[in-house]
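S.K.: Below is the file query-v2.cif, which contains mmCIF, C-alpha atoms.
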```
data_structure
#
loop_
_atom_site.label_atom_id
_atom_site.label_comp_id
_atom_site.auth_asym_id
_atom_site.auth_seq_id
_atom_site.Cartn_x
_atom_site.Cartn_y
_atom_site.Cartn_z
CA MET A 1 76.20 -4.07 38.02
CA ALA A 2 72.49 -3.27 38.21
CA ALA A 3 71.77 -6.41 40.22
CA LEU A 4 74.80 -6.25 42.50
CA GLN A 5 75.18 -2.49 42.94
CA PRO A 6 71.76 -1.02 42.21
CA GLN A 7 72.50 2.33 43.87
CA LEU A 8 75.41 2.91 41.50
CA PHE A 9 73.24 1.98 38.52
CA GLU A 10 70.58 4.41 39.77
CA GLU A 11 73.24 7.11 39.98
CA TRP A 12 74.31 6.43 36.40
CA LEU A 13 70.71 6.63 35.21
CA GLY A 14 70.43 9.99 36.93
CA LEU A 15 73.64 11.27 35.37
CA TYR A 16 73.41 9.84 31.87
CA GLY A 17 69.71 9.12 31.34
CA PRO A 18 68.82 7.15 28.23
CA ALA A 19 72.49 6.65 27.34
CA ILE A 20 72.52 3.95 30.03
CA LEU A 21 71.17 0.55 29.04
CA LEU A 22 70.33 -2.28 31.37
CA GLY A 23 72.17 -5.41 30.35
CA ALA A 24 70.73 -8.51 32.00
CA ASP A 25 71.83 -12.11 31.72
CA VAL A 26 68.87 -14.34 32.51
CA ARG A 27 68.48 -18.02 33.24
CA GLU A 28 64.89 -19.22 33.66
CA GLY A 29 63.80 -15.64 34.33
CA HIS A 30 66.33 -15.00 37.10
CA ILE A 31 69.34 -12.73 36.88
CA ALA A 32 72.69 -14.49 36.52
CA VAL A 33 75.77 -12.67 37.81
CA LYS A 34 79.52 -13.12 38.23
CA GLY A 35 80.13 -14.72 34.87
CA TRP A 36 76.87 -16.69 35.01
CA LEU A 37 78.18 -18.62 38.03
CA GLU A 38 75.72 -17.18 40.54
CA GLU A 39 72.09 -16.23 40.58
CA ALA A 40 70.89 -12.97 42.08
CA PRO A 41 67.66 -13.15 44.10
CA LEU A 42 65.89 -11.13 41.38
CA THR A 43 63.85 -11.79 38.29
CA ILE A 44 64.29 -9.75 35.15
CA GLU A 45 60.90 -8.18 35.92
CA ASP A 46 62.13 -7.14 39.39
CA LEU A 47 65.17 -5.46 37.89
CA VAL A 48 63.26 -3.62 35.17
CA GLN A 49 60.56 -2.51 37.61
CA ARG A 50 63.19 -1.01 39.91
CA PHE A 51 64.82 1.14 37.25
CA LEU A 52 61.95 1.99 34.90
CA PRO A 53 60.63 4.84 37.08
CA LEU A 54 64.16 6.30 37.15
CA GLY A 55 64.34 6.79 33.40
CA LEU A 56 65.39 3.40 32.03
CA LYS A 57 64.55 3.32 28.32
CA GLU A 58 66.36 0.29 26.94
CA SER A 59 67.52 -3.17 27.99
CA ILE A 60 69.54 -5.94 26.42
CA VAL A 61 68.34 -9.27 27.81
CA THR A 62 70.35 -12.42 27.14
CA ASP A 63 68.81 -15.80 27.82
CA ILE A 64 72.04 -17.54 28.73
CA SER A 65 70.49 -20.99 28.48
CA ARG A 66 70.20 -20.39 24.74
CA ASP A 67 73.24 -18.21 24.11
CA GLY A 68 75.37 -19.75 21.36
CA MET A 69 73.07 -22.76 21.03
CA LEU A 70 71.36 -21.78 17.74
CA GLU A 71 68.06 -23.21 19.04
CA GLY A 72 65.95 -20.11 18.63
CA PRO A 73 65.32 -17.32 21.13
CA SER A 74 63.09 -17.47 24.20
CA SER A 75 60.32 -15.70 22.33
CA ALA A 76 57.78 -16.16 25.12
CA LEU A 77 60.11 -14.46 27.61
CA TYR A 78 60.70 -11.47 25.37
CA GLU A 79 57.05 -11.17 24.40
CA ARG A 80 56.06 -11.25 28.09
CA LEU A 81 58.62 -8.55 28.90
CA GLN A 82 57.53 -6.31 26.03
CA LYS A 83 53.87 -6.61 27.06
CA ALA A 84 54.66 -5.95 30.72
CA PHE A 85 56.88 -2.96 29.95
CA PRO A 86 55.65 -1.44 26.68
CA THR A 87 57.65 1.79 27.07
CA LEU A 88 60.93 -0.08 27.30
CA SER A 89 62.89 -1.12 24.22
CA PHE A 90 64.24 -4.67 24.52
CA THR A 91 67.11 -6.15 22.57
CA VAL A 92 66.86 -9.93 22.24
CA SER A 93 70.05 -11.87 22.78
CA GLY A 94 70.65 -15.59 22.84
CA GLY A 95 69.58 -18.36 20.50
CA ILE A 96 69.07 -16.50 17.22
CA SER A 97 69.61 -19.15 14.56
CA SER A 98 68.04 -17.87 11.35
CA MET A 99 66.20 -15.06 9.65
CA ASP A 100 62.99 -16.88 10.58
CA ASP A 101 63.79 -16.14 14.24
CA ILE A 102 64.23 -12.47 13.44
CA ARG A 103 60.98 -12.35 11.45
CA ALA A 104 59.07 -14.07 14.25
CA LEU A 105 60.41 -11.65 16.87
CA ASP A 106 59.53 -8.69 14.67
CA ALA A 107 56.00 -10.05 14.28
CA ILE A 108 55.51 -9.91 18.06
CA GLY A 109 56.93 -6.39 18.31
CA LEU A 110 60.58 -7.04 19.16
CA GLN A 111 62.70 -5.15 16.67
CA LYS A 112 66.23 -5.44 18.05
CA VAL A 113 68.31 -8.59 18.15
CA ILE A 114 71.91 -9.54 18.64
CA VAL A 115 73.04 -12.05 16.08
CA GLY A 116 76.21 -13.79 17.18
CA LYS A 117 76.94 -17.41 16.39
CA ALA A 118 74.44 -17.51 13.51
CA PHE A 119 76.46 -14.75 11.85
CA TYR A 120 79.80 -16.44 12.52
CA GLU A 121 78.49 -19.71 11.11
CA GLN A 122 77.00 -17.84 8.12
CA ARG A 123 73.45 -18.94 8.88
CA ILE A 124 72.59 -15.24 8.68
CA THR A 125 74.56 -12.87 6.49
CA LEU A 126 74.68 -9.11 6.29
CA LYS A 127 73.06 -9.43 2.87
CA ASP A 128 70.15 -11.38 4.42
CA ILE A 129 69.64 -8.65 7.00
CA ALA A 130 69.93 -5.85 4.44
CA LEU A 131 67.43 -7.48 2.08
CA TRP A 132 64.98 -8.17 4.87
CA SER A 133 65.23 -4.66 6.32
CA GLN A 134 64.58 -3.14 2.89
CA ASN A 135 61.43 -5.22 2.53
CA ALA A 136 60.22 -4.88 6.11
#
```
Write out the structure in this file as structure tokens.
M.R.:
Amino acid sequence: MAALQPQLFEEWLGLYGPAILLGADVREGHIAVKGWLEEAPLTIEDLVQRFLPLGLKESIVTDISRDGMLEGPSSALYERLQKAFPTLSFTVSGGISSMDDIRALDAIGLQKVIVGKAFYEQRITLKDIALWSQNA
């Protein structure tokens, strides 16, 4: 929505403020749209830069090249985004395979992740997360 109808997304930000999150599917830094079948002529940085001055506070970014692959997240991408936009909270999505991935992301300042396939395949359990969060 934000890539294809940015004026509507801007309107939502104005109406709902921080309750609106930017969800971005990314392939090699570019925004994927329409069920990942097309690429918008925007990078994730372009999209964030457009909406940050309008009150954007949080974004979920999915690296679709790693989604469901259990090969680890695109840590360099997320670290670059967090450094470029330190006031924005990023949720990492795509590639999380183990608690080691979560620990490594936390070490570089990324504290929110979506754990999908690793949870379904019991590579990460709720007990693992609970124990880690108690110790963190």
S.K.: Go ahead and compute the interatomic distance for CA of Leu70 in chain A and CA of Ser93 in chain A, in Å to one decimal.
M.R.: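 Interatomic distance here is 11.2 Å.
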S.K.: Using all atoms listed in the file for the distances, tell me which of A:Ala118, A:Leu81, A:Ala24, A:Val61 is nearest to Glu45 in chain A.
M.R.: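 Using all atoms listed in the file, the shortest distance to Glu45 in chain A belongs to A:Leu81.
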S.K.: Quick one: residues within 9 Å of Ala2 in chain A, only C-alpha atoms, excluding same-chain residues fewer than 3 positions away - as a list in words?
M.R.: Gln5, Pro6, Gln7, Leu8, Phe9, Glu10, Leu22, Gly23, Ala24, Leu47 and Phe51 of chain A
S.K.: Can you write just those residues out, C-alpha atoms, as a compact mmCIF listing (two decimals), in the coordinates of the input?
M.R.:
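Output below, filename selection_21.txt:
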```txt
# COMPACT_ATOMS: atom_id res chain seq x y z
CA GLN A 5 75.18 -2.49 42.94
CA PRO A 6 71.76 -1.02 42.21
CA GLN A 7 72.50 2.33 43.87
CA LEU A 8 75.41 2.91 41.50
CA PHE A 9 73.24 1.98 38.52
CA GLU A 10 70.58 4.41 39.77
CA LEU A 22 70.33 -2.28 31.37
CA GLY A 23 72.17 -5.41 30.35
CA ALA A 24 70.73 -8.51 32.00
CA LEU A 47 65.17 -5.46 37.89
CA PHE A 51 64.82 1.14 37.25
```
S.K.: Determine the nearest neighbour of Ala84 in chain A from the options A:Glu11, A:Ala3, A:Leu52, A:Pro18, counting all atoms listed in the file.
M.R.: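 Of the candidates, the smallest distance to Ala84 in chain A is held by A:Leu52.
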S.K.: Could you work out how far CA of Ser65 in chain A lies from CA of Ala19 in chain A, giving the answer in Å with one decimal?
M.R.: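 Computing the Euclidean distance for CA of Ala19 in chain A and CA of Ser65 in chain A yields 27.7 Å.
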S.K.: Given the PyMOL selection byres ((chain A and resi 30) around 9) and the file above, list the residues it selects as an mmCIF file with C-alpha atoms, keeping the file's coordinate frame.
M.R.:
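That gives us expr24.cif:
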```cif
data_model
loop_
_atom_site.group_PDB
_atom_site.id
_atom_site.type_symbol
_atom_site.label_atom_id
_atom_site.label_comp_id
_atom_site.auth_asym_id
_atom_site.auth_seq_id
_atom_site.Cartn_x
_atom_site.Cartn_y
_atom_site.Cartn_z
ATOM 1 C CA ASP A 25 71.830 -12.110 31.720
ATOM 2 C CA VAL A 26 68.870 -14.340 32.510
ATOM 3 C CA ARG A 27 68.480 -18.020 33.240
ATOM 4 C CA GLU A 28 64.890 -19.220 33.660
ATOM 5 C CA GLY A 29 63.800 -15.640 34.330
ATOM 6 C CA ILE A 31 69.340 -12.730 36.880
ATOM 7 C CA ALA A 32 72.690 -14.490 36.520
ATOM 8 C CA GLU A 39 72.090 -16.230 40.580
ATOM 9 C CA ALA A 40 70.890 -12.970 42.080
ATOM 10 C CA PRO A 41 67.660 -13.150 44.100
ATOM 11 C CA LEU A 42 65.890 -11.130 41.380
ATOM 12 C CA THR A 43 63.850 -11.790 38.290
ATOM 13 C CA ILE A 44 64.290 -9.750 35.150
ATOM 14 C CA GLU A 45 60.900 -8.180 35.920
#
```
S.K.: Which value, in Å to one decimal, gives the distance between CA of Gly55 in chain A and CA of Pro73 in chain A?
M.R.: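 Here the two named atoms are 27.1 Å from each other.
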S.K.: From the list A:Gln49, A:Ser75, A:Ser133, A:Thr91, which residue is nearest Thr62 in chain A when using all atoms listed in the file?
M.R.: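 The answer is A:Thr91, which sits nearest to Thr62 in chain A.
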S.K.: I'd like the contact shell of Ala104 in chain A - 12 Å cut-off, all atoms listed in the file, skipping same-chain residues fewer than 6 positions apart - returned as a compact mmCIF listing (two decimals) with C-alpha atoms, in the frame of the given file.
M.R.:
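The new file part.txt reads:
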```
# COMPACT_ATOMS: atom_id res chain seq x y z
CA GLY A 72 65.95 -20.11 18.63
CA PRO A 73 65.32 -17.32 21.13
CA SER A 74 63.09 -17.47 24.20
CA SER A 75 60.32 -15.70 22.33
CA ALA A 76 57.78 -16.16 25.12
CA TYR A 78 60.70 -11.47 25.37
CA GLU A 79 57.05 -11.17 24.40
CA VAL A 92 66.86 -9.93 22.24
CA ILE A 96 69.07 -16.50 17.22
CA SER A 97 69.61 -19.15 14.56
CA SER A 98 68.04 -17.87 11.35
CA LEU A 110 60.58 -7.04 19.16
CA GLN A 111 62.70 -5.15 16.67
CA LYS A 112 66.23 -5.44 18.05
CA VAL A 113 68.31 -8.59 18.15
```
S.K.: Between A:Leu54, A:Leu88, A:Met99, A:Met69, which has the minimum distance to Leu131 in chain A (counting all atoms listed in the file)?
M.R.: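 That would be A:Met99, the residue with the smallest distance to Leu131 in chain A.
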S.K.: Which residue out of A:Leu13, A:Ala130, A:Ile108, A:Leu4 has the minimum interatomic distance to Gln82 in chain A when all atoms listed in the file are used?
M.R.: A:Ile108
S.K.: Using only C-alpha atoms, give me every residue within 12 Å of (69.2, -16.2, 4.2) in file coordinates, as a count of residues only.
M.R.: 20
S.K.: Would you please work out which residue, of A:Lys34, A:Phe85, A:Lys117, A:Leu15, is nearest to Pro53 in chain A when using all atoms listed in the file?
M.R.: A:Phe85
